[in-house]
$ cat coords_3.csv   # CSV, C-alpha atoms
chain,number,residue,atom,x,y,z
A,125,MET,CA,-46.3,49.8,-20.9
A,126,GLY,CA,-46.3,46.8,-23.1
A,127,SER,CA,-43.1,44.7,-22.8
A,128,SER,CA,-40.7,47.7,-22.4
A,129,VAL,CA,-38.0,47.3,-19.9
A,130,LEU,CA,-35.5,49.5,-18.1
A,131,LEU,CA,-32.5,47.5,-16.8
A,132,PHE,CA,-30.6,48.1,-13.6
A,133,GLN,CA,-27.9,46.1,-11.9
A,134,LYS,CA,-29.0,44.2,-8.8
A,135,ARG,CA,-27.0,46.5,-6.5
A,136,PHE,CA,-29.5,49.4,-7.4
A,137,HIS,CA,-32.7,47.5,-6.7
A,138,GLU,CA,-33.0,48.2,-3.0
A,139,GLY,CA,-32.5,51.9,-3.6
A,140,LEU,CA,-35.1,52.0,-6.3
A,141,LEU,CA,-37.6,50.2,-4.2
A,142,GLY,CA,-36.9,52.4,-1.2
A,143,GLY,CA,-37.0,55.6,-3.1
A,144,GLN,CA,-33.4,56.6,-2.4
A,145,ILE,CA,-32.6,56.2,-6.1
A,146,THR,CA,-34.6,58.6,-8.3
A,147,LEU,CA,-32.2,59.3,-11.1
A,148,THR,CA,-30.1,57.4,-13.7
A,149,PHE,CA,-27.8,58.5,-16.5
A,150,ARG,CA,-27.5,56.6,-19.8
A,151,ARG,CA,-25.2,56.8,-22.8
A,152,TRP,CA,-27.9,55.9,-25.3
A,153,PRO,CA,-27.6,57.0,-29.0
A,154,ARG,CA,-31.2,58.0,-28.7
A,155,ALA,CA,-33.9,58.2,-25.9
A,156,LYS,CA,-35.2,54.8,-25.1
A,157,VAL,CA,-37.8,56.0,-22.5
A,158,LYS,CA,-40.2,58.9,-22.3
A,159,ALA,CA,-41.7,61.0,-19.5
A,160,GLY,CA,-44.8,59.3,-18.1
A,161,GLY,CA,-43.7,55.9,-19.4
A,162,ARG,CA,-43.8,52.8,-17.2
A,163,TYR,CA,-41.2,50.2,-17.7
A,164,ARG,CA,-40.6,46.7,-16.2
A,165,CYS,CA,-37.5,46.3,-14.1
A,166,HIS,CA,-37.2,42.6,-13.2
A,167,PRO,CA,-37.6,41.5,-10.5
A,168,ILE,CA,-38.6,44.7,-8.6
A,169,GLY,CA,-41.6,45.7,-10.6
A,170,VAL,CA,-42.4,48.9,-12.5
A,171,LEU,CA,-40.5,52.1,-12.8
A,172,GLU,CA,-42.2,55.3,-14.0
A,173,VAL,CA,-40.2,57.9,-15.7
A,174,ASP,CA,-40.9,61.5,-14.5
A,175,GLN,CA,-38.6,63.4,-16.8
A,176,VAL,CA,-36.0,62.9,-19.6
A,177,SER,CA,-33.4,65.5,-20.5
A,178,ARG,CA,-29.8,65.8,-21.7
A,179,GLN,CA,-27.0,66.8,-19.4
A,180,PRO,CA,-23.3,67.4,-20.3
A,181,ALA,CA,-21.0,65.1,-18.5
A,182,ALA,CA,-18.9,68.0,-17.2
A,183,THR,CA,-21.9,69.2,-15.1
A,184,LEU,CA,-22.4,66.0,-13.2
A,185,SER,CA,-22.5,66.8,-9.5
A,186,LYS,CA,-22.2,64.9,-6.2
A,187,GLN,CA,-25.9,65.3,-5.7
A,188,ASP,CA,-26.6,63.7,-9.1
A,189,ALA,CA,-24.4,60.8,-8.1
A,190,LEU,CA,-26.2,60.4,-4.7
A,191,GLN,CA,-29.6,60.4,-6.4
A,192,ALA,CA,-28.3,57.8,-8.9
A,193,GLY,CA,-27.1,55.5,-6.1
A,194,PHE,CA,-23.4,56.3,-6.1
A,195,PRO,CA,-21.3,57.5,-3.1
A,196,SER,CA,-19.5,60.2,-5.2
A,197,ARG,CA,-19.3,61.9,-8.5
A,198,ALA,CA,-16.1,60.0,-9.3
A,199,ALA,CA,-17.9,56.7,-8.7
A,200,LEU,CA,-20.7,57.7,-11.1
A,201,VAL,CA,-18.2,58.8,-13.8
A,202,ALA,CA,-16.3,55.5,-13.4
A,203,TYR,CA,-19.4,53.5,-13.8
A,204,LEU,CA,-20.4,55.4,-16.9
A,205,ALA,CA,-16.9,54.9,-18.3
A,206,GLU,CA,-17.4,51.1,-17.9
A,207,HIS,CA,-20.2,51.4,-20.4
A,208,GLY,CA,-18.8,53.1,-23.4
A,209,GLY,CA,-15.3,54.3,-22.5
A,210,PRO,CA,-14.0,57.5,-21.0
A,211,LEU,CA,-16.4,60.4,-20.8
A,212,ALA,CA,-15.8,63.6,-22.8
A,213,PRO,CA,-16.7,66.7,-20.8
A,214,ASP,CA,-19.1,67.8,-23.5
A,215,GLU,CA,-20.8,64.4,-24.0
A,216,ALA,CA,-24.5,64.8,-23.6
A,217,LEU,CA,-25.9,62.1,-21.3
A,218,PHE,CA,-29.5,61.2,-21.0
A,219,ARG,CA,-30.7,62.2,-17.5
A,220,VAL,CA,-33.7,60.1,-16.5
A,221,GLU,CA,-35.7,61.0,-13.4
A,222,LEU,CA,-37.9,58.2,-12.2
A,223,HIS,CA,-39.6,56.4,-9.3
A,224,HIS,CA,-40.7,52.9,-8.4
A,225,ALA,CA,-44.3,52.6,-9.3
A,226,GLY,CA,-45.3,49.2,-7.9
A,227,GLU,CA,-45.5,45.6,-9.0
A,228,ALA,CA,-45.1,44.3,-12.5
A,229,ASP,CA,-48.0,41.9,-12.6
A,230,PHE,CA,-50.7,44.3,-13.6
A,231,VAL,CA,-53.8,42.9,-15.2
A,232,PRO,CA,-54.4,44.1,-18.8
A,233,GLY,CA,-55.7,47.7,-18.8
A,234,ALA,CA,-54.7,48.5,-15.2
A,235,THR,CA,-52.1,51.1,-16.4
A,236,GLU,CA,-54.6,52.8,-18.7
A,237,ALA,CA,-56.2,55.9,-17.3
A,238,LYS,CA,-59.0,55.9,-20.0
A,239,LEU,CA,-62.2,54.0,-19.0
A,240,THR,CA,-65.1,53.5,-21.3
A,241,ARG,CA,-68.7,53.6,-19.9
A,242,ALA,CA,-69.0,49.9,-20.5
A,243,ALA,CA,-65.8,49.2,-18.6
A,244,ARG,CA,-66.9,51.4,-15.8
A,245,GLN,CA,-70.2,49.6,-15.6
A,246,ALA,CA,-68.5,46.2,-15.7
A,247,LEU,CA,-66.3,47.2,-12.8
A,248,SER,CA,-69.2,48.5,-10.8
A,249,GLU,CA,-71.0,45.2,-11.3
A,250,ALA,CA,-67.9,43.3,-10.3
A,251,LEU,CA,-67.7,45.3,-7.0
A,252,GLN,CA,-71.4,44.6,-6.3
A,253,ARG,CA,-70.8,40.9,-6.7
A,254,LEU,CA,-67.9,41.0,-4.3
A,255,ASP,CA,-69.9,42.9,-1.8
A,256,ALA,CA,-72.8,40.5,-2.1
A,257,LYS,CA,-70.6,37.6,-1.2
A,258,ALA,CA,-69.4,39.3,2.0
A,259,ASP,CA,-71.1,39.9,5.4
A,260,ALA,CA,-71.1,43.6,4.7
A,261,PRO,CA,-70.1,45.8,1.7
A,262,TRP,CA,-66.4,46.5,1.7
A,263,THR,CA,-65.2,47.3,-1.8
A,264,ARG,CA,-65.8,51.0,-2.1
A,265,ALA,CA,-64.7,51.7,1.5
A,266,THR,CA,-61.4,49.9,0.8
A,267,LEU,CA,-60.9,51.8,-2.4
A,268,ALA,CA,-61.6,55.1,-0.6
A,269,LEU,CA,-59.1,54.1,2.1
A,270,ILE,CA,-56.3,53.3,-0.4
A,271,ALA,CA,-57.1,56.4,-2.4
A,272,ALA,CA,-56.7,58.7,0.7
A,273,GLN,CA,-53.8,56.9,2.2
A,274,PRO,CA,-51.5,55.4,-0.5
A,275,ARG,CA,-48.5,53.3,0.7
A,276,VAL,CA,-49.7,53.0,4.2
A,277,ALA,CA,-49.1,49.5,5.7
A,278,ALA,CA,-52.0,47.1,5.4
A,279,SER,CA,-52.1,46.5,9.1
A,280,GLY,CA,-52.7,50.2,9.7
A,281,LEU,CA,-55.4,50.4,7.0
A,282,ALA,CA,-57.1,47.3,8.3
A,283,LYS,CA,-57.1,48.7,11.9
A,284,GLN,CA,-58.9,51.8,10.7
A,285,VAL,CA,-61.9,49.8,9.5
A,286,GLY,CA,-61.9,47.3,12.3
A,287,ARG,CA,-60.6,44.4,10.3
A,288,ALA,CA,-57.9,41.8,10.8
A,289,THR,CA,-54.9,42.3,8.5
A,290,ALA,CA,-55.0,38.9,6.6
A,291,PRO,CA,-58.6,39.1,5.3
A,292,PHE,CA,-58.1,42.8,4.5
A,293,LYS,CA,-55.1,42.0,2.4
A,294,ALA,CA,-57.0,39.1,0.7
A,295,ASP,CA,-59.7,41.5,-0.3
A,296,VAL,CA,-57.3,44.0,-1.7
A,297,VAL,CA,-55.9,41.2,-3.9
A,298,LYS,CA,-59.5,40.9,-5.3
A,299,LEU,CA,-59.4,44.6,-6.2
A,300,LYS,CA,-56.0,44.1,-7.8
A,301,LYS,CA,-57.3,41.3,-10.0
A,302,LEU,CA,-59.8,43.9,-11.3
A,303,GLY,CA,-56.9,46.2,-12.1
A,304,LEU,CA,-57.9,48.8,-9.5
A,305,THR,CA,-55.0,48.6,-7.1
A,306,GLN,CA,-51.3,47.9,-7.0
A,307,SER,CA,-49.1,46.7,-4.2
A,308,PHE,CA,-45.9,48.2,-2.9
A,309,GLU,CA,-43.3,47.0,-0.4
A,310,VAL,CA,-45.4,48.9,2.1
A,311,GLY,CA,-49.1,49.5,1.4
A,312,TYR,CA,-51.1,50.0,-1.8
A,313,ALA,CA,-52.2,52.6,-4.3
A,314,LEU,CA,-54.8,52.9,-6.9
A,315,THR,CA,-53.7,52.1,-10.5
A,316,PRO,CA,-54.4,54.5,-13.3
A,317,ARG,CA,-57.5,52.6,-14.0
A,318,GLY,CA,-58.4,52.6,-10.3
A,319,ARG,CA,-57.9,56.4,-10.0
A,320,THR,CA,-60.1,57.0,-13.0
A,321,PHE,CA,-62.8,54.6,-11.8
A,322,TRP,CA,-62.8,56.2,-8.3
A,323,ARG,CA,-62.9,59.7,-9.7
A,324,LEU,CA,-65.9,58.9,-11.9
A,325,SER,CA,-67.6,57.0,-9.1
A,326,ALA,CA,-67.1,59.5,-6.3
$ encode --input "coords_3.csv" --output "structure tokens"
Amino acid sequence: MGSSVLLFQKRFHEGLLGGQITLTFRRWPRAKVKAGGRYRCHPIGVLEVDQVSRQPAATLSKQDALQAGFPSRAALVAYLAEHGGPLAPDEALFRVELHHAGEADFVPGATEAKLTRAARQALSEALQRLDAKADAPWTRATLALIAAQPRVAASGLAKQVGRATAPFKADVVKLKKLGLTQSFEVGYALTPRGRTFWRLSA
């Protein structure tokens, strides 16, 4: 992801976080994002682009507007006009489909799906050290829980394994520092590194 950013006005942040906004239109001279790319959007975290295409302004619909966080097609067109002047019907807009993908403070490598044998071994040893410091092994059971139930509230996950919420959350932070998990407004998910590690370890 590097230092790439995708800017949104503050009024769109809640919709992006909640998943109501999954689309944006931009009047760029050239594409500034790509499908599969992950981009920082301060302060809400990371946005992942699902698809980038071109769409003539004349074909904008009310549904497009709703997905982009506007109450009507007219509101969307007016917003776009504020950023480049009146829209010509044949103007090709960049249509960017996206979703919120978690926090921005990933450790280096967390967003990389490739994992060398040495890196995998280092992660396994780190998990062993965490387990050794605890009353009972917990790391792999927690990874399995998050892998199977992404974005489920921490309280619900902790209850399933008979743990109090606070220490459970503290342990997930330890996994996050290894680049294996990411946090959302509700719950967690495995990072690209975490998914690869878990797939290779299962």
$ closest_residue --input "coords_3.csv" --among "A:Trp262, A:Phe149, A:Phe194, A:Phe136" --to "Glu221 of chain A" --atoms "only C-alpha atoms"
A:Phe149
$ closest_residue --input "coords_3.csv" --among "A:Ala205, A:Ala288, A:Leu222, A:Ala155" --to "Ala192 of chain A" --atoms "only C-alpha atoms"
A:Leu222
$ residues_around --input "coords_3.csv" --residues "segment 277-284 of chain A" --least-positions-apart "5" --cutoff "7 Å" --atoms "only C-alpha atoms" --output "JSON, numbers by chain"
{"A": [289, 292, 293, 310, 311]}
$ closest_residue --input "coords_3.csv" --among "A:Thr263, A:Ser177, A:Thr146, A:Thr320" --to "Ala250 of chain A" --atoms "all atoms listed in the file"
A:Thr263
$ atom_distance --input "coords_3.csv" --atom1 "atom CA of Pro210 of chain A" --atom2 "atom CA of Trp152 of chain A"
14.6 Å
$ atom_distance --input "coords_3.csv" --atom1 "atom CA of Ala225 of chain A" --atom2 "atom CA of Tyr203 of chain A"
25.3 Å
$ residues_around --input "coords_3.csv" --residues "Lys238 of chain A" --least-positions-apart "3" --cutoff "12 Å" --atoms "all atoms listed in the file" --output "PyMOL selection string"
chain A and resi 233-235+241-244+315-321+323-324
$ closest_residue --input "coords_3.csv" --among "A:Glu215, A:Ile168, A:Gly209, A:Arg197" --to "Pro180 of chain A" --atoms "all atoms listed in the file"
A:Glu215
$ atom_distance --input "coords_3.csv" --atom1 "atom CA of Leu130 of chain A" --atom2 "atom CA of Val201 of chain A"
20.1 Å
$ residues_around --input "coords_3.csv" --residues "Leu299 of chain A" --least-positions-apart "5" --cutoff "10 Å" --atoms "all atoms listed in the file" --output "list in words"
Leu247, Ala250, Leu251, Leu254, Thr263, Arg264, Thr266, Leu267, Lys293, Ala294, Leu304, Thr305, Gln306, Leu314 and Gly318 of chain A
$ closest_residue --input "coords_3.csv" --among "A:Leu190, A:Ala198, A:His207, A:Leu131" --to "Arg151 of chain A" --atoms "only C-alpha atoms"
A:His207
$ residues_near_point --input "coords_3.csv" --point "(-25.3, 57.9, -3.9)" --cutoff "12 Å" --atoms "all atoms listed in the file" --output "list in words"
Arg135, Phe136, Gly139, Leu140, Gly143, Gln144, Ile145, Thr146, Leu147, Thr148, Ser185, Lys186, Gln187, Asp188, Ala189, Leu190, Gln191, Ala192, Gly193, Phe194, Pro195, Ser196, Arg197, Ala198, Ala199 and Leu200 of chain A
$ residues_near_point --input "coords_3.csv" --point "(-50.0, 53.0, -0.5)" --cutoff "6 Å" --atoms "only C-alpha atoms" --output "PyMOL selection string"
chain A and resi 274-276+311-313
$ closest_residue --input "coords_3.csv" --among "A:Trp322, A:Arg154, A:Leu217, A:Arg164" --to "Ala272 of chain A" --atoms "all atoms listed in the file"
A:Trp322
$ decode --input "coords_3.csv" --residues "segment 181-212 of chain A" --atoms "N, CA and C atoms" --output "PDB file, in the first residue's frame"
ATOM      1  N   ALA A 181     -21.095  10.219 -17.789  1.00  0.00           N
ATOM      2  CA  ALA A 181     -21.893  10.971 -16.823  1.00  0.00           C
ATOM      3  C   ALA A 181     -23.389  10.814 -17.062  1.00  0.00           C
ATOM      4  N   ALA A 182     -23.775  10.704 -18.328  1.00  0.00           N
ATOM      5  CA  ALA A 182     -25.203  10.606 -18.660  1.00  0.00           C
ATOM      6  C   ALA A 182     -25.849   9.356 -18.086  1.00  0.00           C
ATOM      7  N   THR A 183     -25.054   8.333 -17.759  1.00  0.00           N
ATOM      8  CA  THR A 183     -25.629   7.062 -17.286  1.00  0.00           C
ATOM      9  C   THR A 183     -25.676   6.957 -15.768  1.00  0.00           C
ATOM     10  N   LEU A 184     -25.276   8.013 -15.058  1.00  0.00           N
ATOM     11  CA  LEU A 184     -25.356   7.981 -13.601  1.00  0.00           C
ATOM     12  C   LEU A 184     -26.807   7.770 -13.168  1.00  0.00           C
ATOM     13  N   SER A 185     -26.995   6.900 -12.189  1.00  0.00           N
ATOM     14  CA  SER A 185     -28.346   6.575 -11.739  1.00  0.00           C
ATOM     15  C   SER A 185     -28.537   6.942 -10.267  1.00  0.00           C
ATOM     16  N   LYS A 186     -29.788   6.879  -9.818  1.00  0.00           N
ATOM     17  CA  LYS A 186     -30.061   7.122  -8.406  1.00  0.00           C
ATOM     18  C   LYS A 186     -29.356   6.090  -7.542  1.00  0.00           C
ATOM     19  N   GLN A 187     -29.310   4.835  -8.006  1.00  0.00           N
ATOM     20  CA  GLN A 187     -28.629   3.795  -7.239  1.00  0.00           C
ATOM     21  C   GLN A 187     -27.141   4.089  -7.119  1.00  0.00           C
ATOM     22  N   ASP A 188     -26.543   4.582  -8.197  1.00  0.00           N
ATOM     23  CA  ASP A 188     -25.136   5.003  -8.135  1.00  0.00           C
ATOM     24  C   ASP A 188     -24.956   6.062  -7.043  1.00  0.00           C
ATOM     25  N   ALA A 189     -25.866   7.018  -7.033  1.00  0.00           N
ATOM     26  CA  ALA A 189     -25.778   8.105  -6.064  1.00  0.00           C
ATOM     27  C   ALA A 189     -25.894   7.588  -4.636  1.00  0.00           C
ATOM     28  N   LEU A 190     -26.842   6.701  -4.395  1.00  0.00           N
ATOM     29  CA  LEU A 190     -27.031   6.148  -3.057  1.00  0.00           C
ATOM     30  C   LEU A 190     -25.785   5.389  -2.594  1.00  0.00           C
ATOM     31  N   GLN A 191     -25.207   4.587  -3.478  1.00  0.00           N
ATOM     32  CA  GLN A 191     -24.007   3.834  -3.128  1.00  0.00           C
ATOM     33  C   GLN A 191     -22.813   4.745  -2.877  1.00  0.00           C
ATOM     34  N   ALA A 192     -22.841   5.945  -3.467  1.00  0.00           N
ATOM     35  CA  ALA A 192     -21.743   6.891  -3.293  1.00  0.00           C
ATOM     36  C   ALA A 192     -21.982   7.846  -2.126  1.00  0.00           C
ATOM     37  N   GLY A 193     -23.111   7.691  -1.429  1.00  0.00           N
ATOM     38  CA  GLY A 193     -23.369   8.501  -0.250  1.00  0.00           C
ATOM     39  C   GLY A 193     -24.177   9.758  -0.488  1.00  0.00           C
ATOM     40  N   PHE A 194     -24.916   9.807  -1.598  1.00  0.00           N
ATOM     41  CA  PHE A 194     -25.734  10.977  -1.917  1.00  0.00           C
ATOM     42  C   PHE A 194     -27.209  10.589  -1.928  1.00  0.00           C
ATOM     43  N   PRO A 195     -28.095  11.519  -1.565  1.00  0.00           N
ATOM     44  CA  PRO A 195     -29.519  11.185  -1.502  1.00  0.00           C
ATOM     45  C   PRO A 195     -30.195  11.075  -2.861  1.00  0.00           C
ATOM     46  N   SER A 196     -29.560  11.624  -3.904  1.00  0.00           N
ATOM     47  CA  SER A 196     -30.188  11.619  -5.224  1.00  0.00           C
ATOM     48  C   SER A 196     -29.128  11.746  -6.313  1.00  0.00           C
ATOM     49  N   ARG A 197     -29.529  11.463  -7.543  1.00  0.00           N
ATOM     50  CA  ARG A 197     -28.625  11.638  -8.680  1.00  0.00           C
ATOM     51  C   ARG A 197     -28.240  13.104  -8.825  1.00  0.00           C
ATOM     52  N   ALA A 198     -29.199  13.985  -8.619  1.00  0.00           N
ATOM     53  CA  ALA A 198     -28.928  15.419  -8.752  1.00  0.00           C
ATOM     54  C   ALA A 198     -27.861  15.876  -7.754  1.00  0.00           C
ATOM     55  N   ALA A 199     -27.917  15.333  -6.533  1.00  0.00           N
ATOM     56  CA  ALA A 199     -26.925  15.705  -5.522  1.00  0.00           C
ATOM     57  C   ALA A 199     -25.534  15.231  -5.918  1.00  0.00           C
ATOM     58  N   LEU A 200     -25.455  14.051  -6.493  1.00  0.00           N
ATOM     59  CA  LEU A 200     -24.169  13.536  -6.960  1.00  0.00           C
ATOM     60  C   LEU A 200     -23.627  14.389  -8.097  1.00  0.00           C
ATOM     61  N   VAL A 201     -24.478  14.718  -9.050  1.00  0.00           N
ATOM     62  CA  VAL A 201     -24.041  15.534 -10.186  1.00  0.00           C
ATOM     63  C   VAL A 201     -23.586  16.910  -9.705  1.00  0.00           C
ATOM     64  N   ALA A 202     -24.318  17.488  -8.754  1.00  0.00           N
ATOM     65  CA  ALA A 202     -23.944  18.800  -8.221  1.00  0.00           C
ATOM     66  C   ALA A 202     -22.594  18.737  -7.519  1.00  0.00           C
ATOM     67  N   TYR A 203     -22.358  17.678  -6.795  1.00  0.00           N
ATOM     68  CA  TYR A 203     -21.078  17.502  -6.103  1.00  0.00           C
ATOM     69  C   TYR A 203     -19.937  17.403  -7.101  1.00  0.00           C
ATOM     70  N   LEU A 204     -20.124  16.611  -8.136  1.00  0.00           N
ATOM     71  CA  LEU A 204     -19.081  16.465  -9.150  1.00  0.00           C
ATOM     72  C   LEU A 204     -18.827  17.784  -9.877  1.00  0.00           C
ATOM     73  N   ALA A 205     -19.883  18.566 -10.069  1.00  0.00           N
ATOM     74  CA  ALA A 205     -19.735  19.866 -10.728  1.00  0.00           C
ATOM     75  C   ALA A 205     -18.904  20.837  -9.896  1.00  0.00           C
ATOM     76  N   GLU A 206     -18.927  20.640  -8.583  1.00  0.00           N
ATOM     77  CA  GLU A 206     -18.109  21.484  -7.701  1.00  0.00           C
ATOM     78  C   GLU A 206     -16.619  21.210  -7.882  1.00  0.00           C
ATOM     79  N   HIS A 207     -16.318  20.071  -8.463  1.00  0.00           N
ATOM     80  CA  HIS A 207     -14.929  19.661  -8.621  1.00  0.00           C
ATOM     81  C   HIS A 207     -14.595  19.509 -10.107  1.00  0.00           C
ATOM     82  N   GLY A 208     -14.629  20.610 -10.823  1.00  0.00           N
ATOM     83  CA  GLY A 208     -14.261  20.562 -12.234  1.00  0.00           C
ATOM     84  C   GLY A 208     -15.247  21.201 -13.170  1.00  0.00           C
ATOM     85  N   GLY A 209     -16.308  21.799 -12.649  1.00  0.00           N
ATOM     86  CA  GLY A 209     -17.270  22.465 -13.511  1.00  0.00           C
ATOM     87  C   GLY A 209     -18.383  21.550 -13.967  1.00  0.00           C
ATOM     88  N   PRO A 210     -19.330  22.077 -14.744  1.00  0.00           N
ATOM     89  CA  PRO A 210     -20.485  21.306 -15.195  1.00  0.00           C
ATOM     90  C   PRO A 210     -20.081  20.024 -15.919  1.00  0.00           C
ATOM     91  N   LEU A 211     -20.878  18.987 -15.727  1.00  0.00           N
ATOM     92  CA  LEU A 211     -20.619  17.697 -16.370  1.00  0.00           C
ATOM     93  C   LEU A 211     -21.197  17.683 -17.774  1.00  0.00           C
ATOM     94  N   ALA A 212     -20.404  17.245 -18.723  1.00  0.00           N
ATOM     95  CA  ALA A 212     -20.912  16.979 -20.059  1.00  0.00           C
ATOM     96  C   ALA A 212     -21.477  15.562 -20.076  1.00  0.00           C
TER      97      ALA A 212
END
